[in-house]
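run.pdb follows (PDB, C-alpha atoms, pLDDT in the B column):
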ATOM      1  CA  MET G   1       1.533  19.100 -12.492  1.00 55.00           C
ATOM      2  CA  THR G   2      -0.981  17.249 -10.351  1.00 61.00           C
ATOM      3  CA  ALA G   3      -4.725  17.744 -10.218  1.00 72.00           C
ATOM      4  CA  PRO G   4      -6.149  19.819  -7.343  1.00 72.00           C
ATOM      5  CA  GLY G   5      -6.776  17.700  -4.270  1.00 82.00           C
ATOM      6  CA  LEU G   6      -4.529  14.901  -5.530  1.00 95.00           C
ATOM      7  CA  VAL G   7      -1.745  13.694  -3.255  1.00 97.00           C
ATOM      8  CA  VAL G   8       1.033  11.745  -4.984  1.00 98.00           C
ATOM      9  CA  VAL G   9       3.518   9.829  -2.844  1.00 98.00           C
ATOM     10  CA  GLU G  10       6.541   8.090  -4.341  1.00 98.00           C
ATOM     11  CA  VAL G  11       8.297   5.502  -2.178  1.00 98.00           C
ATOM     12  CA  ARG G  12      11.519   3.865  -3.365  1.00 98.00           C
ATOM     13  CA  GLY G  13      12.698   0.522  -2.040  1.00 97.00           C
ATOM     14  CA  LEU G  14      11.644  -3.109  -2.237  1.00 97.00           C
ATOM     15  CA  PRO G  15       7.911  -3.307  -1.456  1.00 97.00           C
ATOM     16  CA  ARG G  16       7.222  -5.599   1.485  1.00 97.00           C
ATOM     17  CA  PRO G  17       3.931  -7.251   2.385  1.00 95.00           C
ATOM     18  CA  ALA G  18       2.090  -6.853   5.626  1.00 84.00           C
ATOM     19  CA  GLY G  19       2.835  -9.842   7.804  1.00 71.00           C
ATOM     20  CA  SER G  20       0.293 -12.455   8.677  1.00 67.00           C
ATOM     21  CA  LYS G  21      -1.526 -11.666  11.878  1.00 66.00           C
ATOM     22  CA  ARG G  22      -2.113 -14.146  14.679  1.00 65.00           C
ATOM     23  CA  VAL G  23      -4.193 -13.683  17.800  1.00 65.00           C
ATOM     24  CA  PHE G  24      -3.435 -15.440  21.077  1.00 65.00           C
ATOM     25  CA  LEU G  25      -5.376 -15.252  24.312  1.00 74.00           C
ATOM     26  CA  VAL G  26      -3.188 -14.658  27.352  1.00 76.00           C
ATOM     27  CA  GLY G  27      -4.070 -14.749  31.002  1.00 77.00           C
ATOM     28  CA  PRO G  28      -4.993 -17.313  33.632  1.00 81.00           C
ATOM     29  CA  LYS G  29      -7.328 -20.170  32.704  1.00 78.00           C
ATOM     30  CA  GLY G  30     -10.743 -19.464  34.075  1.00 80.00           C
ATOM     31  CA  GLY G  31      -9.721 -15.858  34.666  1.00 80.00           C
ATOM     32  CA  GLU G  32      -9.900 -12.772  32.548  1.00 81.00           C
ATOM     33  CA  ARG G  33      -7.975 -13.323  29.308  1.00 77.00           C
ATOM     34  CA  ARG G  34      -6.962 -10.708  26.774  1.00 72.00           C
ATOM     35  CA  PRO G  35      -6.082 -11.032  23.098  1.00 68.00           C
ATOM     36  CA  VAL G  36      -2.544 -10.322  21.884  1.00 63.00           C
ATOM     37  CA  VAL G  37      -1.978  -9.739  18.161  1.00 57.00           C
ATOM     38  CA  THR G  38       1.380 -10.631  16.593  1.00 61.00           C
ATOM     39  CA  ASP G  39       2.683  -9.770  13.131  1.00 63.00           C
ATOM     40  CA  ASP G  40       5.369 -11.870  11.423  1.00 60.00           C
ATOM     41  CA  SER G  41       6.578  -9.188   8.991  1.00 59.00           C
ATOM     42  CA  GLY G  42       9.975  -8.889  10.708  1.00 63.00           C
ATOM     43  CA  GLY G  43      12.649  -6.217  10.298  1.00 72.00           C
ATOM     44  CA  ALA G  44      12.306  -5.779   6.520  1.00 76.00           C
ATOM     45  CA  GLY G  45       8.595  -5.057   6.963  1.00 84.00           C
ATOM     46  CA  ARG G  46       9.326  -2.435   9.619  1.00 91.00           C
ATOM     47  CA  ASP G  47      11.922  -0.770   7.365  1.00 94.00           C
ATOM     48  CA  TRP G  48       9.449  -0.658   4.446  1.00 96.00           C
ATOM     49  CA  ARG G  49       6.753   0.789   6.709  1.00 96.00           C
ATOM     50  CA  ALA G  50       9.175   3.500   7.881  1.00 96.00           C
ATOM     51  CA  SER G  51      10.070   4.321   4.254  1.00 97.00           C
ATOM     52  CA  VAL G  52       6.380   4.653   3.356  1.00 97.00           C
ATOM     53  CA  GLN G  53       5.675   6.855   6.368  1.00 97.00           C
ATOM     54  CA  ASP G  54       8.682   9.075   5.659  1.00 97.00           C
ATOM     55  CA  ALA G  55       7.645   9.552   2.020  1.00 98.00           C
ATOM     56  CA  ILE G  56       4.067  10.374   3.043  1.00 98.00           C
ATOM     57  CA  ALA G  57       5.257  12.925   5.622  1.00 97.00           C
ATOM     58  CA  ARG G  58       7.350  14.655   2.932  1.00 97.00           C
ATOM     59  CA  ALA G  59       4.623  14.606   0.256  1.00 97.00           C
ATOM     60  CA  HIS G  60       1.682  15.415   2.554  1.00 97.00           C
ATOM     61  CA  PRO G  61       2.759  17.337   5.667  1.00 96.00           C
ATOM     62  CA  ALA G  62      -0.854  18.397   6.353  1.00 95.00           C
ATOM     63  CA  ASP G  63      -3.446  16.646   8.519  1.00 95.00           C
ATOM     64  CA  PRO G  64      -4.786  13.298   7.263  1.00 96.00           C
ATOM     65  CA  LEU G  65      -7.383  13.526   4.495  1.00 96.00           C
ATOM     66  CA  GLU G  66     -11.004  13.312   5.571  1.00 94.00           C
ATOM     67  CA  GLY G  67     -14.070  11.749   3.965  1.00 95.00           C
ATOM     68  CA  PRO G  68     -14.268   9.153   1.191  1.00 96.00           C
ATOM     69  CA  LEU G  69     -11.056   8.607  -0.756  1.00 97.00           C
ATOM     70  CA  ASP G  70     -10.013   7.249  -4.134  1.00 97.00           C
ATOM     71  CA  VAL G  71      -6.570   5.604  -4.082  1.00 98.00           C
ATOM     72  CA  CYS G  72      -4.305   3.895  -6.615  1.00 98.00           C
ATOM     73  CA  PHE G  73      -1.200   1.897  -5.725  1.00 98.00           C
ATOM     74  CA  TYR G  74       1.376   1.316  -8.476  1.00 98.00           C
ATOM     75  CA  PHE G  75       3.893  -1.250  -7.192  1.00 98.00           C
ATOM     76  CA  VAL G  76       7.147  -1.943  -9.034  1.00 98.00           C
ATOM     77  CA  VAL G  77       9.234  -5.003  -8.173  1.00 98.00           C
ATOM     78  CA  PRO G  78      12.591  -6.053  -9.631  1.00 97.00           C
ATOM     79  CA  ARG G  79      12.854  -8.937 -12.066  1.00 96.00           C
ATOM     80  CA  PRO G  80      14.560 -12.072 -10.747  1.00 95.00           C
ATOM     81  CA  ARG G  81      18.099 -12.658 -12.044  1.00 93.00           C
ATOM     82  CA  GLY G  82      16.873 -15.797 -13.798  1.00 94.00           C
ATOM     83  CA  HIS G  83      14.849 -13.619 -16.203  1.00 96.00           C
ATOM     84  CA  PHE G  84      18.086 -12.373 -17.791  1.00 95.00           C
ATOM     85  CA  ARG G  85      20.626 -14.008 -20.063  1.00 95.00           C
ATOM     86  CA  ALA G  86      24.241 -14.509 -18.982  1.00 95.00           C
ATOM     87  CA  ASP G  87      25.130 -10.928 -19.967  1.00 94.00           C
ATOM     88  CA  GLY G  88      22.826  -9.733 -17.158  1.00 90.00           C
ATOM     89  CA  SER G  89      21.000  -7.127 -19.235  1.00 91.00           C
ATOM     90  CA  THR G  90      19.201  -9.026 -22.019  1.00 95.00           C
ATOM     91  CA  LEU G  91      15.817 -10.418 -21.065  1.00 95.00           C
ATOM     92  CA  ARG G  92      15.244 -14.105 -21.833  1.00 96.00           C
ATOM     93  CA  PRO G  93      12.314 -14.793 -24.214  1.00 95.00           C
ATOM     94  CA  SER G  94      10.865 -17.107 -21.555  1.00 95.00           C
ATOM     95  CA  ALA G  95      10.779 -14.368 -18.878  1.00 96.00           C
ATOM     96  CA  ALA G  96       7.320 -13.810 -17.448  1.00 96.00           C
ATOM     97  CA  PRO G  97       5.783 -10.459 -18.462  1.00 96.00           C
ATOM     98  CA  TYR G  98       4.114  -9.931 -15.056  1.00 97.00           C
ATOM     99  CA  PRO G  99       5.147 -10.752 -11.487  1.00 98.00           C
ATOM    100  CA  THR G 100       2.865 -13.612 -10.499  1.00 96.00           C
ATOM    101  CA  THR G 101       4.968 -14.708  -7.527  1.00 94.00           C
ATOM    102  CA  ARG G 102       4.811 -13.666  -3.898  1.00 94.00           C
ATOM    103  CA  PRO G 103       4.184 -11.271  -2.380  1.00 94.00           C
ATOM    104  CA  ASP G 104       0.669 -10.902  -3.681  1.00 95.00           C
ATOM    105  CA  VAL G 105      -0.542  -7.405  -4.456  1.00 97.00           C
ATOM    106  CA  SER G 106      -3.253  -7.422  -1.773  1.00 96.00           C
ATOM    107  CA  LYS G 107      -0.652  -7.944   0.984  1.00 96.00           C
ATOM    108  CA  LEU G 108       1.501  -5.160  -0.479  1.00 97.00           C
ATOM    109  CA  VAL G 109      -1.556  -2.871  -0.435  1.00 97.00           C
ATOM    110  CA  ARG G 110      -2.368  -3.807   3.150  1.00 96.00           C
ATOM    111  CA  ALA G 111       1.150  -2.909   4.280  1.00 97.00           C
ATOM    112  CA  VAL G 112       0.904   0.546   2.674  1.00 97.00           C
ATOM    113  CA  GLU G 113      -2.648   1.093   3.969  1.00 97.00           C
ATOM    114  CA  ASP G 114      -1.502   0.362   7.516  1.00 95.00           C
ATOM    115  CA  ALA G 115       1.572   2.603   7.189  1.00 96.00           C
ATOM    116  CA  ALA G 116      -0.504   5.485   5.772  1.00 97.00           C
ATOM    117  CA  THR G 117      -3.153   5.382   8.501  1.00 96.00           C
ATOM    118  CA  GLY G 118      -2.982   8.552  10.575  1.00 96.00           C
ATOM    119  CA  LEU G 119      -0.746  10.290   8.034  1.00 97.00           C
ATOM    120  CA  LEU G 120      -2.392  10.262   4.603  1.00 97.00           C
ATOM    121  CA  TRP G 121      -5.858   9.228   5.796  1.00 97.00           C
ATOM    122  CA  ARG G 122      -7.413   8.996   9.227  1.00 96.00           C
ATOM    123  CA  ASP G 123      -8.500   5.363   8.792  1.00 96.00           C
ATOM    124  CA  ASP G 124      -8.328   2.963   5.856  1.00 94.00           C
ATOM    125  CA  CYS G 125     -12.109   2.506   6.036  1.00 95.00           C
ATOM    126  CA  GLN G 126     -12.209   5.838   4.130  1.00 97.00           C
ATOM    127  CA  LEU G 127     -10.894   4.111   0.995  1.00 97.00           C
ATOM    128  CA  VAL G 128     -14.002   3.623  -1.118  1.00 97.00           C
ATOM    129  CA  THR G 129     -12.302   3.213  -4.503  1.00 96.00           C
ATOM    130  CA  GLN G 130      -9.057   1.327  -4.829  1.00 97.00           C
ATOM    131  CA  VAL G 131      -6.864   0.182  -7.727  1.00 98.00           C
ATOM    132  CA  ALA G 132      -3.587  -1.700  -7.339  1.00 98.00           C
ATOM    133  CA  THR G 133      -1.042  -2.925  -9.862  1.00 98.00           C
ATOM    134  CA  LYS G 134       2.194  -4.899  -9.519  1.00 98.00           C
ATOM    135  CA  ARG G 135       4.680  -4.725 -12.400  1.00 98.00           C
ATOM    136  CA  TYR G 136       8.337  -5.396 -13.087  1.00 98.00           C
ATOM    137  CA  GLY G 137      10.583  -2.368 -13.377  1.00 96.00           C
ATOM    138  CA  PRO G 138      14.076  -1.044 -12.768  1.00 94.00           C
ATOM    139  CA  ARG G 139      13.150   1.196  -9.797  1.00 96.00           C
ATOM    140  CA  PRO G 140      11.325  -0.825  -7.107  1.00 98.00           C
ATOM    141  CA  GLY G 141       8.816   0.921  -4.894  1.00 98.00           C
ATOM    142  CA  VAL G 142       5.271   2.195  -4.955  1.00 98.00           C
ATOM    143  CA  VAL G 143       3.595   5.339  -6.240  1.00 98.00           C
ATOM    144  CA  ILE G 144       0.393   6.230  -4.415  1.00 98.00           C
ATOM    145  CA  HIS G 145      -2.239   8.535  -5.923  1.00 98.00           C
ATOM    146  CA  CYS G 146      -4.873   9.573  -3.393  1.00 98.00           C
ATOM    147  CA  ARG G 147      -7.694  12.074  -3.706  1.00 96.00           C
ATOM    148  CA  ALA G 148     -10.764  13.009  -1.726  1.00 94.00           C
ATOM    149  CA  LEU G 149     -14.110  12.309  -3.358  1.00 93.00           C
ATOM    150  CA  GLU G 150     -16.722  15.003  -3.056  1.00 80.00           C
ATOM    151  CA  ALA G 151     -20.309  13.950  -2.443  1.00 56.00           C
ATOM    152  CA  LEU G 152     -23.077  15.821  -4.219  1.00 46.00           C
ATOM    153  CA  GLU G 153     -26.491  16.125  -2.660  1.00 42.00           C
ATOM    154  CA  THR G 154     -28.976  15.184  -5.394  1.00 44.00           C
ATOM    155  CA  GLY G 155     -32.610  14.468  -4.695  1.00 44.00           C
ATOM    156  CA  GLY G 156     -31.969  13.368  -1.132  1.00 44.00           C
ATOM    157  CA  ARG G 157     -29.246  10.922  -2.154  1.00 52.00           C
ATOM    158  CA  ASN G 158     -25.483  11.275  -2.155  1.00 52.00           C
ATOM    159  CA  HIS G 159     -23.762  10.577  -5.438  1.00 54.00           C
ATOM    160  CA  ALA G 160     -19.988  10.550  -5.766  1.00 54.00           C
ATOM    161  CA  ARG G 161     -18.643  13.037  -8.272  1.00 54.00           C
ATOM    162  CA  ARG G 162     -16.822  11.294 -11.081  1.00 54.00           C
ATOM    163  CA  ILE G 163     -13.150  12.113 -11.348  1.00 51.00           C
TER     164      ILE G 163
END
Could you quickly redo this structure as structure tokens?
Amino acid sequence: MTAPGLVVVEVRGLPRPAGSKRVFLVGPKGGERRPVVTDDSGGAGRDWRASVQDAIARAHPADPLEGPLDVCFYFVVPRPRGHFRADGSTLRPSAAPYPTTRPDVSKLVRAVEDAATGLLWRDDCQLVTQVATKRYGPRPGVVIHCRALEALETGGRNHARRI
């Protein structure tokens, strides 16, 4: 059972980061030039984005949430094969407890934020509280918990209600 106003989205698959962005100016020298933005995330990034959008559409078929939002991203990535002994199931004592290799959690978050824009929230500028974790686990993906924060009018100032 979830709390009222809480949207929980579970996405299965290998989390992919948002690609690095580059901006190039195109157009004639001395003339009017326009910026073109490219993203190097490639096909795997597009597939991950589509998976996130599909999961959001199933979990939250309503209009995007409005107002300030609190969001948590729980990323799960698979352990590398080198973390296991020859039997393939026993973890080596030297295996790292946390995934400290690429992709970094902030790029994973950015990819999900971009995919969720227009579906779960109108714009990612609405995210005023954000928590993200990246852990090893057997079922790769991300679980997103998102809820609207209600503002209380108190003495002429807005204070966010604690959740």
Which neighbours of Val7 of chain G fall inside 9 Å, counting only C-alpha atoms, when residues of the same chain fewer than 6 positions from it are skipped, and could you give them as number ranges by chain? G: 59-60, 120, 144-147
For the selection you just gave me, I'd like the residues written to a file as a PDB file, in the frame of the given file, keeping C-alpha atoms.
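Once written, selection31.pdb looks like this:
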ATOM      1  CA  ALA G  59       4.623  14.606   0.256  1.00 97.00           C
ATOM      2  CA  HIS G  60       1.682  15.415   2.554  1.00 97.00           C
ATOM      3  CA  LEU G 120      -2.392  10.262   4.603  1.00 97.00           C
ATOM      4  CA  ILE G 144       0.393   6.230  -4.415  1.00 98.00           C
ATOM      5  CA  HIS G 145      -2.239   8.535  -5.923  1.00 98.00           C
ATOM      6  CA  CYS G 146      -4.873   9.573  -3.393  1.00 98.00           C
ATOM      7  CA  ARG G 147      -7.694  12.074  -3.706  1.00 96.00           C
TER       8      ARG G 147
END
Report as a PyMOL selection string all protein, DNA and RNA residues lying within 8 Å of Val105 of chain G, evaluated on all atoms listed in the file, omitting residues in the same chain fewer than 2 positions from it. chain G and resi 103+107-109+132-134
Between G:Gly118, G:Pro28, G:Pro78, G:Pro17, which has the minimum distance to Ala57 of chain G (counting only C-alpha atoms)?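 Counting only C-alpha atoms, the residue closest to Ala57 of chain G is G:Gly118.
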Spell out the residues picked by the PyMOL selection byres ((chain G and resi 82) around 12) here, as a list in words.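 The output of the PyMOL selection byres ((chain G and resi 82) around 12) on this file is Pro78, Arg79, Pro80, Arg81, His83, Phe84, Arg85, Ala86, Asp87, Gly88, Ser89, Thr90, Leu91, Arg92, Pro93, Ser94, Ala95 and Ala96 of chain G.
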Output the selection as a compact mmCIF listing (two decimals), in the frame of the given file - C-alpha atoms for each residue.
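Full text of selection09.txt as output:
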# COMPACT_ATOMS: atom_id res chain seq x y z
CA PRO G 78 12.59 -6.05 -9.63
CA ARG G 79 12.85 -8.94 -12.07
CA PRO G 80 14.56 -12.07 -10.75
CA ARG G 81 18.10 -12.66 -12.04
CA HIS G 83 14.85 -13.62 -16.20
CA PHE G 84 18.09 -12.37 -17.79
CA ARG G 85 20.63 -14.01 -20.06
CA ALA G 86 24.24 -14.51 -18.98
CA ASP G 87 25.13 -10.93 -19.97
CA GLY G 88 22.83 -9.73 -17.16
CA SER G 89 21.00 -7.13 -19.24
CA THR G 90 19.20 -9.03 -22.02
CA LEU G 91 15.82 -10.42 -21.06
CA ARG G 92 15.24 -14.10 -21.83
CA PRO G 93 12.31 -14.79 -24.21
CA SER G 94 10.86 -17.11 -21.56
CA ALA G 95 10.78 -14.37 -18.88
CA ALA G 96 7.32 -13.81 -17.45
For the atom pair atom CA of Ala3 of chain G and atom CA of Gly141 of chain G, what is the interatomic distance in Å to one decimal place?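 Atom-to-atom, atom CA of Ala3 of chain G and atom CA of Gly141 of chain G are spaced 22.2 Å apart.
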Give me the result of the PyMOL selection byres ((chain G and resi 12) around 7) on this file, residue by residue, as a PyMOL selection string. chain G and resi 10-11+13+140-142
Take the residues from that selection and write them out as an mmCIF file, keeping the file's coordinate frame, keeping C-alpha atoms.
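That gives us selection_11.cif:
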data_model
loop_
_atom_site.group_PDB
_atom_site.id
_atom_site.type_symbol
_atom_site.label_atom_id
_atom_site.label_comp_id
_atom_site.auth_asym_id
_atom_site.auth_seq_id
_atom_site.Cartn_x
_atom_site.Cartn_y
_atom_site.Cartn_z
ATOM 1 C CA GLU G 10 6.541 8.090 -4.341
ATOM 2 C CA VAL G 11 8.297 5.502 -2.178
ATOM 3 C CA GLY G 13 12.698 0.522 -2.040
ATOM 4 C CA PRO G 140 11.325 -0.825 -7.107
ATOM 5 C CA GLY G 141 8.816 0.921 -4.894
ATOM 6 C CA VAL G 142 5.271 2.195 -4.955
#
For atom CA of Cys72 of chain G and atom CA of Val9 of chain G, determine how far apart the two atoms are, in Å to one decimal place.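 Between atom CA of Cys72 of chain G and atom CA of Val9 of chain G the gap works out to 10.5 Å.
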Result set of the PyMOL selection byres ((chain G and resi 18) around 8) on the coordinates above, as a PyMOL selection string: chain G and resi 16-17+19-20+41+45+107-108+110-111
